[in-house]
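J.: Quick one, target-v9.cif (mmCIF, C-alpha atoms and all ligand atoms):
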```
data_entry
#
loop_
_atom_site.group_PDB
_atom_site.id
_atom_site.type_symbol
_atom_site.label_atom_id
_atom_site.label_comp_id
_atom_site.auth_asym_id
_atom_site.auth_seq_id
_atom_site.Cartn_x
_atom_site.Cartn_y
_atom_site.Cartn_z
ATOM 1 C CA MET A 1 14.183 8.942 -36.667
ATOM 2 C CA ASN A 2 10.521 9.073 -37.615
ATOM 3 C CA THR A 3 9.097 7.969 -34.264
ATOM 4 C CA LEU A 4 7.252 9.645 -31.392
ATOM 5 C CA PHE A 5 9.612 8.856 -28.538
ATOM 6 C CA ILE A 6 11.754 5.795 -29.203
ATOM 7 C CA GLY A 7 15.168 6.892 -30.435
ATOM 8 C CA LYS A 8 14.700 10.621 -29.823
ATOM 9 C CA ILE A 9 17.748 10.240 -27.613
ATOM 10 C CA PHE A 10 20.111 8.099 -29.569
ATOM 11 C CA TYR A 11 23.689 6.929 -29.075
ATOM 12 C CA ARG A 12 25.714 5.228 -31.764
ATOM 13 C CA MET A 13 28.873 3.519 -30.616
ATOM 14 C CA PRO A 14 31.577 1.811 -32.685
ATOM 15 C CA VAL A 15 32.149 -0.680 -29.886
ATOM 16 C CA VAL A 16 30.791 -1.385 -26.391
ATOM 17 C CA ASP A 17 30.902 -4.390 -24.107
ATOM 18 C CA SER A 18 27.140 -4.938 -24.298
ATOM 19 C CA THR A 19 24.520 -2.361 -25.299
ATOM 20 C CA ASN A 20 22.274 -3.721 -22.511
ATOM 21 C CA ASP A 21 25.003 -3.192 -19.924
ATOM 22 C CA TRP A 22 25.860 0.243 -21.316
ATOM 23 C CA LEU A 23 22.234 1.379 -21.055
ATOM 24 C CA THR A 24 21.767 -0.213 -17.629
ATOM 25 C CA ALA A 25 24.793 1.730 -16.351
ATOM 26 C CA ARG A 26 23.076 4.996 -17.505
ATOM 27 C CA LEU A 27 19.967 4.313 -15.398
ATOM 28 C CA VAL A 28 21.388 6.220 -12.412
ATOM 29 C CA GLU A 29 21.030 9.382 -14.554
ATOM 30 C CA ASN A 30 17.285 8.715 -14.974
ATOM 31 C CA PRO A 31 17.257 8.773 -18.781
ATOM 32 C CA PRO A 32 13.933 9.277 -20.551
ATOM 33 C CA GLU A 33 11.850 6.449 -21.907
ATOM 34 C CA GLY A 34 12.819 5.651 -25.473
ATOM 35 C CA MET A 35 16.577 6.171 -25.213
ATOM 36 C CA VAL A 36 18.398 3.947 -27.710
ATOM 37 C CA VAL A 37 21.980 2.770 -27.995
ATOM 38 C CA VAL A 38 23.237 0.934 -31.051
ATOM 39 C CA ALA A 39 26.714 -0.529 -31.474
ATOM 40 C CA ASP A 40 28.637 -1.786 -34.498
ATOM 41 C CA ASP A 41 30.432 -4.254 -32.315
ATOM 42 C CA GLN A 42 30.030 -5.724 -28.835
ATOM 43 C CA THR A 43 32.937 -7.266 -27.002
ATOM 44 C CA ALA A 44 30.714 -9.032 -24.451
ATOM 45 C CA GLY A 45 27.283 -9.259 -26.087
ATOM 46 C CA LYS A 46 24.869 -11.104 -23.819
ATOM 47 C CA GLY A 47 22.396 -13.756 -24.904
ATOM 48 C CA GLN A 48 19.768 -15.638 -22.952
ATOM 49 C CA SER A 49 20.646 -17.809 -19.968
ATOM 50 C CA GLY A 50 24.116 -16.348 -19.541
ATOM 51 C CA ASN A 51 25.143 -17.238 -23.102
ATOM 52 C CA ARG A 52 27.232 -14.959 -25.295
ATOM 53 C CA TRP A 53 25.770 -13.171 -28.301
ATOM 54 C CA TRP A 54 28.245 -13.286 -31.168
ATOM 55 C CA GLY A 55 28.377 -11.363 -34.408
ATOM 56 C CA GLU A 56 30.823 -10.043 -36.955
ATOM 57 C CA PRO A 57 31.528 -6.325 -36.347
ATOM 58 C CA GLY A 58 29.594 -3.965 -38.611
ATOM 59 C CA GLN A 59 27.398 -6.653 -40.134
ATOM 60 C CA ASN A 60 24.395 -6.906 -37.846
ATOM 61 C CA LEU A 61 22.041 -4.851 -35.717
ATOM 62 C CA THR A 62 22.723 -4.808 -31.989
ATOM 63 C CA LEU A 63 20.786 -2.264 -30.000
ATOM 64 C CA SER A 64 19.123 -1.648 -26.675
ATOM 65 C CA PHE A 65 16.354 0.725 -25.704
ATOM 66 C CA LEU A 66 14.710 1.846 -22.509
ATOM 67 C CA LEU A 67 11.033 1.583 -21.603
ATOM 68 C CA HIS A 68 9.175 2.639 -18.475
ATOM 69 C CA PRO A 69 6.309 0.154 -18.645
ATOM 70 C CA ARG A 70 4.784 1.278 -15.350
ATOM 71 C CA PHE A 71 1.315 0.255 -16.523
ATOM 72 C CA LEU A 72 2.398 -3.393 -16.204
ATOM 73 C CA VAL A 73 2.655 -5.276 -12.927
ATOM 74 C CA PRO A 74 5.647 -7.614 -12.635
ATOM 75 C CA ARG A 75 3.658 -10.742 -13.511
ATOM 76 C CA GLU A 76 2.635 -9.123 -16.813
ATOM 77 C CA ILE A 77 6.192 -8.383 -17.870
ATOM 78 C CA PHE A 78 6.183 -11.064 -20.598
ATOM 79 C CA TYR A 79 4.031 -8.648 -22.613
ATOM 80 C CA LEU A 80 7.273 -6.849 -23.427
ATOM 81 C CA ASN A 81 8.672 -9.981 -25.055
ATOM 82 C CA LYS A 82 5.408 -10.383 -26.901
ATOM 83 C CA LEU A 83 5.367 -6.884 -28.286
ATOM 84 C CA VAL A 84 8.990 -6.971 -29.401
ATOM 85 C CA SER A 85 8.476 -10.430 -30.955
ATOM 86 C CA VAL A 86 5.431 -9.249 -32.882
ATOM 87 C CA ALA A 87 7.214 -6.096 -34.079
ATOM 88 C CA LEU A 88 10.237 -8.133 -35.219
ATOM 89 C CA GLN A 89 7.986 -10.649 -36.974
ATOM 90 C CA LYS A 90 6.127 -7.924 -38.883
ATOM 91 C CA VAL A 91 9.253 -6.063 -39.964
ATOM 92 C CA ILE A 92 11.212 -9.155 -40.986
ATOM 93 C CA ALA A 93 8.251 -10.735 -42.787
ATOM 94 C CA ALA A 94 7.758 -7.519 -44.775
ATOM 95 C CA MET A 95 11.421 -7.572 -45.813
ATOM 96 C CA LEU A 96 11.453 -11.286 -46.672
ATOM 97 C CA PRO A 97 8.097 -11.847 -48.377
ATOM 98 C CA ASP A 98 9.000 -15.330 -49.606
ATOM 99 C CA ALA A 99 10.236 -16.651 -46.269
ATOM 100 C CA GLU A 100 8.517 -18.235 -43.283
ATOM 101 C CA VAL A 101 9.008 -15.899 -40.348
ATOM 102 C CA HIS A 102 8.052 -17.240 -36.937
ATOM 103 C CA ILE A 103 8.273 -16.173 -33.343
ATOM 104 C CA LYS A 104 10.004 -18.848 -31.320
ATOM 105 C CA TRP A 105 8.985 -18.768 -27.679
ATOM 106 C CA PRO A 106 10.267 -17.061 -25.642
ATOM 107 C CA ASN A 107 12.902 -14.780 -27.172
ATOM 108 C CA ASP A 108 13.743 -15.658 -30.757
ATOM 109 C CA LEU A 109 12.744 -14.989 -34.320
ATOM 110 C CA LEU A 110 13.102 -17.740 -36.896
ATOM 111 C CA VAL A 111 13.349 -17.424 -40.643
ATOM 112 C CA ASN A 112 12.836 -20.712 -42.421
ATOM 113 C CA ARG A 113 13.376 -22.384 -39.039
ATOM 114 C CA ARG A 114 16.729 -20.741 -38.409
ATOM 115 C CA LYS A 115 17.381 -18.087 -35.807
ATOM 116 C CA VAL A 116 17.671 -14.602 -37.252
ATOM 117 C CA ALA A 117 17.101 -12.478 -34.137
ATOM 118 C CA GLY A 118 16.979 -12.674 -30.367
ATOM 119 C CA MET A 119 16.056 -10.391 -27.517
ATOM 120 C CA LEU A 120 17.173 -9.967 -23.944
ATOM 121 C CA THR A 121 14.898 -8.032 -21.611
ATOM 122 C CA GLU A 122 16.344 -6.882 -18.276
ATOM 123 C CA ASN A 123 13.814 -5.331 -15.910
ATOM 124 C CA GLN A 124 14.191 -3.080 -12.919
ATOM 125 C CA PHE A 125 11.519 -3.271 -10.239
ATOM 126 C CA SER A 126 10.647 -0.866 -7.478
ATOM 127 C CA GLY A 127 8.793 -2.710 -4.743
ATOM 128 C CA THR A 128 5.857 -4.410 -6.443
ATOM 129 C CA LYS A 129 6.017 -2.127 -9.510
ATOM 130 C CA VAL A 130 7.891 -2.319 -12.788
ATOM 131 C CA LYS A 131 10.232 0.657 -12.938
ATOM 132 C CA SER A 132 12.062 0.263 -16.213
ATOM 133 C CA SER A 133 13.093 -2.280 -18.801
ATOM 134 C CA VAL A 134 16.248 -2.403 -20.844
ATOM 135 C CA ILE A 135 15.432 -4.338 -23.971
ATOM 136 C CA GLY A 136 18.253 -5.573 -26.153
ATOM 137 C CA ILE A 137 17.767 -6.891 -29.655
ATOM 138 C CA GLY A 138 20.224 -8.580 -31.968
ATOM 139 C CA VAL A 139 19.244 -9.095 -35.604
ATOM 140 C CA ASN A 140 21.523 -10.901 -38.033
ATOM 141 C CA ILE A 141 21.502 -8.662 -41.077
ATOM 142 C CA ASN A 142 24.427 -8.925 -43.509
ATOM 143 C CA GLN A 143 26.620 -11.591 -41.942
ATOM 144 C CA GLN A 144 27.136 -14.486 -44.353
ATOM 145 C CA LEU A 145 28.577 -17.302 -42.291
ATOM 146 C CA PHE A 146 27.148 -18.893 -39.159
ATOM 147 C CA PRO A 147 29.301 -21.836 -38.084
ATOM 148 C CA GLU A 148 26.956 -24.110 -36.176
ATOM 149 C CA GLU A 149 29.339 -24.569 -33.218
ATOM 150 C CA SER A 150 29.178 -20.830 -32.343
ATOM 151 C CA TYR A 151 25.771 -19.883 -33.648
ATOM 152 C CA GLY A 152 23.585 -22.989 -33.575
ATOM 153 C CA ARG A 153 20.955 -22.966 -36.322
ATOM 154 C CA ALA A 154 21.253 -19.342 -37.430
ATOM 155 C CA THR A 155 20.923 -17.255 -40.549
ATOM 156 C CA SER A 156 20.683 -13.616 -41.602
ATOM 157 C CA LEU A 157 18.366 -11.485 -43.703
ATOM 158 C CA ALA A 158 21.080 -11.263 -46.360
ATOM 159 C CA VAL A 159 21.637 -15.019 -46.556
ATOM 160 C CA VAL A 160 17.910 -15.615 -47.028
ATOM 161 C CA ALA A 161 17.258 -12.750 -49.473
ATOM 162 C CA GLU A 162 20.586 -13.070 -51.310
ATOM 163 C CA ARG A 163 21.133 -9.313 -51.086
ATOM 164 C CA SER A 164 22.431 -6.938 -48.459
ATOM 165 C CA PHE A 165 20.295 -4.669 -46.268
ATOM 166 C CA ASP A 166 20.797 -1.155 -44.932
ATOM 167 C CA ARG A 167 21.126 -1.663 -41.179
ATOM 168 C CA ASP A 168 19.822 1.828 -40.342
ATOM 169 C CA GLU A 169 16.732 1.266 -42.429
ATOM 170 C CA VAL A 170 16.013 -2.018 -40.644
ATOM 171 C CA MET A 171 16.589 -0.295 -37.295
ATOM 172 C CA GLU A 172 14.181 2.564 -38.056
ATOM 173 C CA LYS A 173 11.429 0.218 -39.238
ATOM 174 C CA LEU A 174 11.921 -1.951 -36.197
ATOM 175 C CA LEU A 175 11.818 0.908 -33.697
ATOM 176 C CA GLN A 176 8.702 2.309 -35.393
ATOM 177 C CA ALA A 177 7.007 -1.093 -35.182
ATOM 178 C CA ILE A 178 8.018 -1.528 -31.534
ATOM 179 C CA GLU A 179 6.682 1.912 -30.688
ATOM 180 C CA ALA A 180 3.339 1.161 -32.368
ATOM 181 C CA GLU A 181 2.978 -2.154 -30.502
ATOM 182 C CA TYR A 182 4.002 -0.553 -27.219
ATOM 183 C CA LEU A 183 1.494 2.288 -27.523
ATOM 184 C CA ALA A 184 -1.251 -0.207 -28.418
ATOM 185 C CA LEU A 185 -0.375 -2.289 -25.365
ATOM 186 C CA LYS A 186 -0.320 0.797 -23.170
ATOM 187 C CA ALA A 187 -3.777 1.692 -24.509
ATOM 188 C CA GLY A 188 -4.981 -1.714 -23.285
ATOM 189 C CA ARG A 189 -5.157 -3.608 -26.577
ATOM 190 C CA ARG A 190 -3.811 -6.861 -25.155
ATOM 191 C CA ASP A 191 -6.110 -9.166 -27.090
ATOM 192 C CA ALA A 192 -4.834 -7.916 -30.434
ATOM 193 C CA LEU A 193 -1.253 -8.432 -29.297
ATOM 194 C CA ASP A 194 -2.034 -11.934 -28.018
ATOM 195 C CA ARG A 195 -3.617 -12.813 -31.362
ATOM 196 C CA SER A 196 -0.662 -11.534 -33.409
ATOM 197 C CA TYR A 197 1.718 -13.359 -31.086
ATOM 198 C CA LEU A 198 -0.032 -16.730 -31.235
ATOM 199 C CA GLY A 199 -0.795 -16.362 -34.933
ATOM 200 C CA ASN A 200 2.921 -16.195 -35.686
ATOM 201 C CA LEU A 201 4.218 -18.520 -32.976
ATOM 202 C CA TRP A 202 6.278 -21.418 -34.233
ATOM 203 C CA GLY A 203 4.478 -24.708 -33.655
ATOM 204 C CA TYR A 204 1.239 -23.167 -32.389
ATOM 205 C CA GLN A 205 -1.545 -25.761 -32.326
ATOM 206 C CA GLU A 206 0.743 -28.217 -34.071
ATOM 207 C CA LYS A 207 2.290 -31.480 -33.083
ATOM 208 C CA ILE A 208 5.978 -30.768 -32.540
ATOM 209 C CA ARG A 209 9.045 -32.487 -31.090
ATOM 210 C CA MET A 210 10.527 -31.129 -27.877
ATOM 211 C CA ARG A 211 13.087 -32.306 -25.366
ATOM 212 C CA ILE A 212 11.462 -32.260 -21.943
ATOM 213 C CA ASP A 213 13.081 -33.648 -18.772
ATOM 214 C CA GLY A 214 15.881 -34.963 -20.990
ATOM 215 C CA GLU A 215 13.522 -36.960 -23.214
ATOM 216 C CA GLU A 216 12.297 -36.396 -26.738
ATOM 217 C CA GLN A 217 8.546 -35.919 -26.693
ATOM 218 C CA SER A 218 5.804 -35.330 -29.193
ATOM 219 C CA VAL A 219 3.615 -32.515 -27.868
ATOM 220 C CA VAL A 220 1.014 -30.055 -29.071
ATOM 221 C CA LEU A 221 1.884 -26.433 -28.405
ATOM 222 C CA VAL A 222 -1.316 -25.045 -26.933
ATOM 223 C CA GLY A 223 -0.240 -21.489 -26.107
ATOM 224 C CA VAL A 224 1.645 -19.186 -23.784
ATOM 225 C CA ASP A 225 0.024 -18.312 -20.462
ATOM 226 C CA ALA A 226 -0.312 -14.905 -18.808
ATOM 227 C CA VAL A 227 3.099 -15.095 -17.143
ATOM 228 C CA GLY A 228 4.858 -16.279 -20.289
ATOM 229 C CA GLN A 229 5.063 -20.000 -19.611
ATOM 230 C CA LEU A 230 4.768 -22.354 -22.565
ATOM 231 C CA ALA A 231 1.614 -24.481 -22.438
ATOM 232 C CA VAL A 232 1.825 -27.886 -24.127
ATOM 233 C CA GLU A 233 -0.398 -30.897 -24.258
ATOM 234 C CA MET A 234 1.634 -33.974 -23.477
ATOM 235 C CA GLU A 235 0.338 -37.502 -23.010
ATOM 236 C CA GLY A 236 -3.186 -36.113 -22.747
ATOM 237 C CA LYS A 237 -2.296 -33.603 -20.015
ATOM 238 C CA LEU A 238 -1.770 -29.863 -20.115
ATOM 239 C CA ARG A 239 1.638 -28.848 -18.778
ATOM 240 C CA TYR A 240 3.365 -25.496 -18.357
ATOM 241 C CA PHE A 241 7.089 -24.897 -18.759
ATOM 242 C CA GLN A 242 9.607 -22.165 -18.107
ATOM 243 C CA VAL A 243 12.436 -21.243 -20.433
ATOM 244 C CA LYS A 244 15.163 -23.638 -19.379
ATOM 245 C CA GLU A 245 12.896 -26.641 -18.957
ATOM 246 C CA VAL A 246 12.253 -27.372 -22.617
ATOM 247 C CA GLU A 247 14.072 -27.394 -25.924
ATOM 248 C CA PHE A 248 12.538 -27.302 -29.387
ATOM 249 C CA LEU A 249 13.811 -29.996 -31.730
ATOM 250 C CA PHE A 250 14.061 -29.300 -35.427
ATOM 251 C CA GLU A 251 14.087 -32.072 -38.031
HETATM 252 C C1 LIG B 1 19.344 -14.420 -27.260
HETATM 253 O O1 LIG B 1 18.761 -14.802 -28.262
HETATM 254 O O2 LIG B 1 19.997 -15.200 -26.580
HETATM 255 C C2 LIG B 1 19.230 -12.970 -26.885
HETATM 256 C C3 LIG B 1 20.159 -12.135 -27.698
HETATM 257 C C4 LIG B 1 20.140 -10.677 -27.370
HETATM 258 C C5 LIG B 1 21.296 -9.981 -28.024
HETATM 259 C C6 LIG B 1 21.228 -8.485 -27.938
HETATM 260 S S1 LIG B 1 22.446 -7.714 -28.946
HETATM 261 C C7 LIG B 1 22.073 -6.165 -28.248
HETATM 262 C C8 LIG B 1 21.804 -6.393 -26.771
HETATM 263 N N1 LIG B 1 23.017 -6.304 -26.005
HETATM 264 C C9 LIG B 1 23.382 -7.466 -25.479
HETATM 265 O O3 LIG B 1 24.411 -7.675 -24.790
HETATM 266 N N2 LIG B 1 22.479 -8.421 -25.797
HETATM 267 C C10 LIG B 1 21.388 -7.858 -26.573
#
```
Take the structure in the file and write it out as structure tokens.
T.:
Amino acid sequence: MNTLFIGKIFYRMPVVDSTNDWLTARLVENPPEGMVVVADDQTAGKGQSGNRWWGEPGQNLTLSFLLHPRFLVPREIFYLNKLVSVALQKVIAAMLPDAEVHIKWPNDLLVNRRKVAGMLTENQFSGTKVKSSVIGIGVNINQQLFPEESYGRATSLAVVAERSFDRDEVMEKLLQAIEAEYLALKAGRRDALDRSYLGNLWGYQEKIRMRIDGEEQSVVLVGVDAVGQLAVEMEGKLRYFQVKEVEFLFE
């Protein structure tokens, strides 16, 4: 792998329960930053909010990697989501030049308004410090069918491009992009990351429909604050929301 440290220690598994859980179980051995595990199939893939992450075996990319982001304090941890989102956006947009590729706050990537990738970040803290982060990414690559009842509004690179992709090639590009964003963040270039994040955020500075407190609302997405809350302007007031409090409505 043509990277500096991500993927230098690399495990490829035909099947695991969840790559995040597999990597988390290795933490007692103090593995080095950058360790990667990729699986062809997960029997208990985990999504956000306790949901399952489904996928046809051998068709998609499901991997986890380890970071030691000790330069972040716990309240800055959303920067990890930002950097992975920006890396995913860049890599997917380069592979699908004719598509609209957006970051959907807080954990998804959309292609033409359908979910193509998601991430699940699980952090370990030591007192008031961040110790390590296990970051799991699922990218729909060659899978063709996404029944709405299991997948919601989803798609894959192959469905959009009408050709198949080499999963290892996508993985290498993605890990390279993540490494570059991570090193830039570590070097203190937060403004650049914030700009790339907001510049590619779905709905940014637009009037969009959301379900908030059980009601459909028309809001303007104003940004994402320092701790990762979504900032929206609603009925003339600025309000901040956490993940489970709001739902984006499409069409
Ligand atoms: C989501 O969008 O809900 C997050 C999906 C994260 C899925 C990936 S697949 C690899 C890694 N292992 C898991 O169990 N989950 C993440």
J.: Which protein, DNA or RNA residues have an atom within 9 Å of ligand LIG 1 (chain B), counting only C-alpha atoms and all ligand atoms, as an MDAnalysis selection string?
T.: chainID A and resid 17:22 37:39 42:55 61:64 107:109 115 117:121 135:139
J.: Generate a file of the selected residues that holds C-alpha atoms, formatted as a PDB file, keeping the file's coordinate frame.
T.:
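Output file result.pdb follows:
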```pdb
ATOM      1  CA  ASP A  17      30.902  -4.390 -24.107  1.00  0.00           C
ATOM      2  CA  SER A  18      27.140  -4.938 -24.298  1.00  0.00           C
ATOM      3  CA  THR A  19      24.520  -2.361 -25.299  1.00  0.00           C
ATOM      4  CA  ASN A  20      22.274  -3.721 -22.511  1.00  0.00           C
ATOM      5  CA  ASP A  21      25.003  -3.192 -19.924  1.00  0.00           C
ATOM      6  CA  TRP A  22      25.860   0.243 -21.316  1.00  0.00           C
ATOM      7  CA  VAL A  37      21.980   2.770 -27.995  1.00  0.00           C
ATOM      8  CA  VAL A  38      23.237   0.934 -31.051  1.00  0.00           C
ATOM      9  CA  ALA A  39      26.714  -0.529 -31.474  1.00  0.00           C
ATOM     10  CA  GLN A  42      30.030  -5.724 -28.835  1.00  0.00           C
ATOM     11  CA  THR A  43      32.937  -7.266 -27.002  1.00  0.00           C
ATOM     12  CA  ALA A  44      30.714  -9.032 -24.451  1.00  0.00           C
ATOM     13  CA  GLY A  45      27.283  -9.259 -26.087  1.00  0.00           C
ATOM     14  CA  LYS A  46      24.869 -11.104 -23.819  1.00  0.00           C
ATOM     15  CA  GLY A  47      22.396 -13.756 -24.904  1.00  0.00           C
ATOM     16  CA  GLN A  48      19.768 -15.638 -22.952  1.00  0.00           C
ATOM     17  CA  SER A  49      20.646 -17.809 -19.968  1.00  0.00           C
ATOM     18  CA  GLY A  50      24.116 -16.348 -19.541  1.00  0.00           C
ATOM     19  CA  ASN A  51      25.143 -17.238 -23.102  1.00  0.00           C
ATOM     20  CA  ARG A  52      27.232 -14.959 -25.295  1.00  0.00           C
ATOM     21  CA  TRP A  53      25.770 -13.171 -28.301  1.00  0.00           C
ATOM     22  CA  TRP A  54      28.245 -13.286 -31.168  1.00  0.00           C
ATOM     23  CA  GLY A  55      28.377 -11.363 -34.408  1.00  0.00           C
ATOM     24  CA  LEU A  61      22.041  -4.851 -35.717  1.00  0.00           C
ATOM     25  CA  THR A  62      22.723  -4.808 -31.989  1.00  0.00           C
ATOM     26  CA  LEU A  63      20.786  -2.264 -30.000  1.00  0.00           C
ATOM     27  CA  SER A  64      19.123  -1.648 -26.675  1.00  0.00           C
ATOM     28  CA  ASN A 107      12.902 -14.780 -27.172  1.00  0.00           C
ATOM     29  CA  ASP A 108      13.743 -15.658 -30.757  1.00  0.00           C
ATOM     30  CA  LEU A 109      12.744 -14.989 -34.320  1.00  0.00           C
ATOM     31  CA  LYS A 115      17.381 -18.087 -35.807  1.00  0.00           C
ATOM     32  CA  ALA A 117      17.101 -12.478 -34.137  1.00  0.00           C
ATOM     33  CA  GLY A 118      16.979 -12.674 -30.367  1.00  0.00           C
ATOM     34  CA  MET A 119      16.056 -10.391 -27.517  1.00  0.00           C
ATOM     35  CA  LEU A 120      17.173  -9.967 -23.944  1.00  0.00           C
ATOM     36  CA  THR A 121      14.898  -8.032 -21.611  1.00  0.00           C
ATOM     37  CA  ILE A 135      15.432  -4.338 -23.971  1.00  0.00           C
ATOM     38  CA  GLY A 136      18.253  -5.573 -26.153  1.00  0.00           C
ATOM     39  CA  ILE A 137      17.767  -6.891 -29.655  1.00  0.00           C
ATOM     40  CA  GLY A 138      20.224  -8.580 -31.968  1.00  0.00           C
ATOM     41  CA  VAL A 139      19.244  -9.095 -35.604  1.00  0.00           C
TER      42      VAL A 139
END
```
J.: Might you pull out every residue within 9 Å of Leu201 of chain A, with only C-alpha atoms counted and same-chain residues fewer than 6 positions away left off, and present them as a list in words?
T.: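 So, after excluding close chain neighbours, the residues are His102, Ile103, Lys104, Trp105 and Gly223 of chain A.
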J.: How close does segment 191-218 of chain A get to segment 71-85 of chain A? List, as a tab-separated table, each residue of segment 191-218 of chain A within 9 Å, its nearest atom pair and the distance in Å to one decimal, counting only C-alpha atoms.
T.:
```
residue	atom	partner	partner_atom	distance
A:Leu193	CA	A:Leu83	CA	6.9
A:Asp194	CA	A:Lys82	CA	7.7
A:Ser196	CA	A:Lys82	CA	9.0
A:Tyr197	CA	A:Lys82	CA	6.3
```
J.: List the spatial neighbours of segment 207-209 of chain A as a PDB file with C-alpha atoms, in the frame of the given file - criterion: any atom at most 10 Å away, all atoms listed in the file, same-chain residues fewer than 6 positions off excluded.
T.:
```pdb
ATOM      1  CA  GLU A 216      12.297 -36.396 -26.738  1.00  0.00           C
ATOM      2  CA  GLN A 217       8.546 -35.919 -26.693  1.00  0.00           C
ATOM      3  CA  SER A 218       5.804 -35.330 -29.193  1.00  0.00           C
ATOM      4  CA  VAL A 219       3.615 -32.515 -27.868  1.00  0.00           C
ATOM      5  CA  VAL A 220       1.014 -30.055 -29.071  1.00  0.00           C
ATOM      6  CA  LEU A 221       1.884 -26.433 -28.405  1.00  0.00           C
ATOM      7  CA  VAL A 222      -1.316 -25.045 -26.933  1.00  0.00           C
ATOM      8  CA  VAL A 232       1.825 -27.886 -24.127  1.00  0.00           C
ATOM      9  CA  GLU A 233      -0.398 -30.897 -24.258  1.00  0.00           C
ATOM     10  CA  MET A 234       1.634 -33.974 -23.477  1.00  0.00           C
ATOM     11  CA  GLU A 247      14.072 -27.394 -25.924  1.00  0.00           C
ATOM     12  CA  PHE A 248      12.538 -27.302 -29.387  1.00  0.00           C
ATOM     13  CA  LEU A 249      13.811 -29.996 -31.730  1.00  0.00           C
ATOM     14  CA  PHE A 250      14.061 -29.300 -35.427  1.00  0.00           C
ATOM     15  CA  GLU A 251      14.087 -32.072 -38.031  1.00  0.00           C
TER      16      GLU A 251
END
```
J.: I want to know what sits within 9 Å of Asn60 of chain A, based on only C-alpha atoms, with residues of the same chain fewer than 5 positions away left out; could you give that as a CSV table (one decimal) with C-alpha atoms, keeping the file's coordinate frame?
T.:
```
chain,number,residue,atom,x,y,z
A,40,ASP,CA,28.6,-1.8,-34.5
A,41,ASP,CA,30.4,-4.3,-32.3
A,55,GLY,CA,28.4,-11.4,-34.4
A,138,GLY,CA,20.2,-8.6,-32.0
A,139,VAL,CA,19.2,-9.1,-35.6
A,140,ASN,CA,21.5,-10.9,-38.0
A,141,ILE,CA,21.5,-8.7,-41.1
A,142,ASN,CA,24.4,-8.9,-43.5
A,143,GLN,CA,26.6,-11.6,-41.9
A,156,SER,CA,20.7,-13.6,-41.6
A,167,ARG,CA,21.1,-1.7,-41.2
```
J.: Please report the interatomic distance between atom CA of Arg114 of chain A and atom CA of Glu148 of chain A in Å with one decimal.
T.: 11.0 Å
J.: Run the PyMOL selection byres (((chain A and resi 228-230) around 6) and not hetatm) on the file and write out the hits as a PDB file with C-alpha atoms, in the coordinates of the input.
T.:
```pdb
ATOM      1  CA  PHE A  78       6.183 -11.064 -20.598  1.00  0.00           C
ATOM      2  CA  VAL A 224       1.645 -19.186 -23.784  1.00  0.00           C
ATOM      3  CA  ASP A 225       0.024 -18.312 -20.462  1.00  0.00           C
ATOM      4  CA  ALA A 226      -0.312 -14.905 -18.808  1.00  0.00           C
ATOM      5  CA  VAL A 227       3.099 -15.095 -17.143  1.00  0.00           C
ATOM      6  CA  ALA A 231       1.614 -24.481 -22.438  1.00  0.00           C
ATOM      7  CA  TYR A 240       3.365 -25.496 -18.357  1.00  0.00           C
ATOM      8  CA  PHE A 241       7.089 -24.897 -18.759  1.00  0.00           C
ATOM      9  CA  GLN A 242       9.607 -22.165 -18.107  1.00  0.00           C
TER      10      GLN A 242
END
```
J.: Would you compute the distance between atom CA of Gly199 of chain A and atom CA of Ala154 of chain A? Give it in Å to one decimal.
T.: 22.4 Å
J.: As an exercise, work out the distance from atom CA of Leu67 of chain A to atom CA of Arg12 of chain A in Å and give it to one decimal place.
T.: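 Atom-to-atom, atom CA of Leu67 of chain A to atom CA of Arg12 of chain A, that is 18.2 Å.
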J.: Written as a PyMOL selection string, which residues does the PyMOL selection byres (((chain A and resi 88) around 8) and not hetatm) give for the file shown?
T.: chain A and resi 84-87+89-92+109+174+177-178
J.: Only C-alpha atoms, please: the residues just picked out, written as a PDB file, in the frame of the given file.
T.:
```pdb
ATOM      1  CA  VAL A  84       8.990  -6.971 -29.401  1.00  0.00           C
ATOM      2  CA  SER A  85       8.476 -10.430 -30.955  1.00  0.00           C
ATOM      3  CA  VAL A  86       5.431  -9.249 -32.882  1.00  0.00           C
ATOM      4  CA  ALA A  87       7.214  -6.096 -34.079  1.00  0.00           C
ATOM      5  CA  GLN A  89       7.986 -10.649 -36.974  1.00  0.00           C
ATOM      6  CA  LYS A  90       6.127  -7.924 -38.883  1.00  0.00           C
ATOM      7  CA  VAL A  91       9.253  -6.063 -39.964  1.00  0.00           C
ATOM      8  CA  ILE A  92      11.212  -9.155 -40.986  1.00  0.00           C
ATOM      9  CA  LEU A 109      12.744 -14.989 -34.320  1.00  0.00           C
ATOM     10  CA  LEU A 174      11.921  -1.951 -36.197  1.00  0.00           C
ATOM     11  CA  ALA A 177       7.007  -1.093 -35.182  1.00  0.00           C
ATOM     12  CA  ILE A 178       8.018  -1.528 -31.534  1.00  0.00           C
TER      13      ILE A 178
END
```
J.: Please report, as lines of an AutoDock Vina configuration file, the centre and edge lengths in Å to one decimal of an axis-aligned box covering all listed atoms of segment 77-82 of chain A with 4 Å per side.
T.:
```
center_x = 6.4
center_y = -9.0
center_z = -22.4
size_x = 12.6
size_y = 12.2
size_z = 17.0
```
J.: Please identify all polymer residues within 9 Å of Asn123 of chain A, counting only C-alpha atoms, omitting same-chain residues fewer than 5 positions from it, and present them as a PyMOL selection string.
T.: chain A and resi 77+130-135
J.: Just write the chosen residues, C-alpha atoms, as a CSV table (one decimal), in the frame of the given file.
T.:
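What landed in selection.csv:
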```
chain,number,residue,atom,x,y,z
A,77,ILE,CA,6.2,-8.4,-17.9
A,130,VAL,CA,7.9,-2.3,-12.8
A,131,LYS,CA,10.2,0.7,-12.9
A,132,SER,CA,12.1,0.3,-16.2
A,133,SER,CA,13.1,-2.3,-18.8
A,134,VAL,CA,16.2,-2.4,-20.8
A,135,ILE,CA,15.4,-4.3,-24.0
```
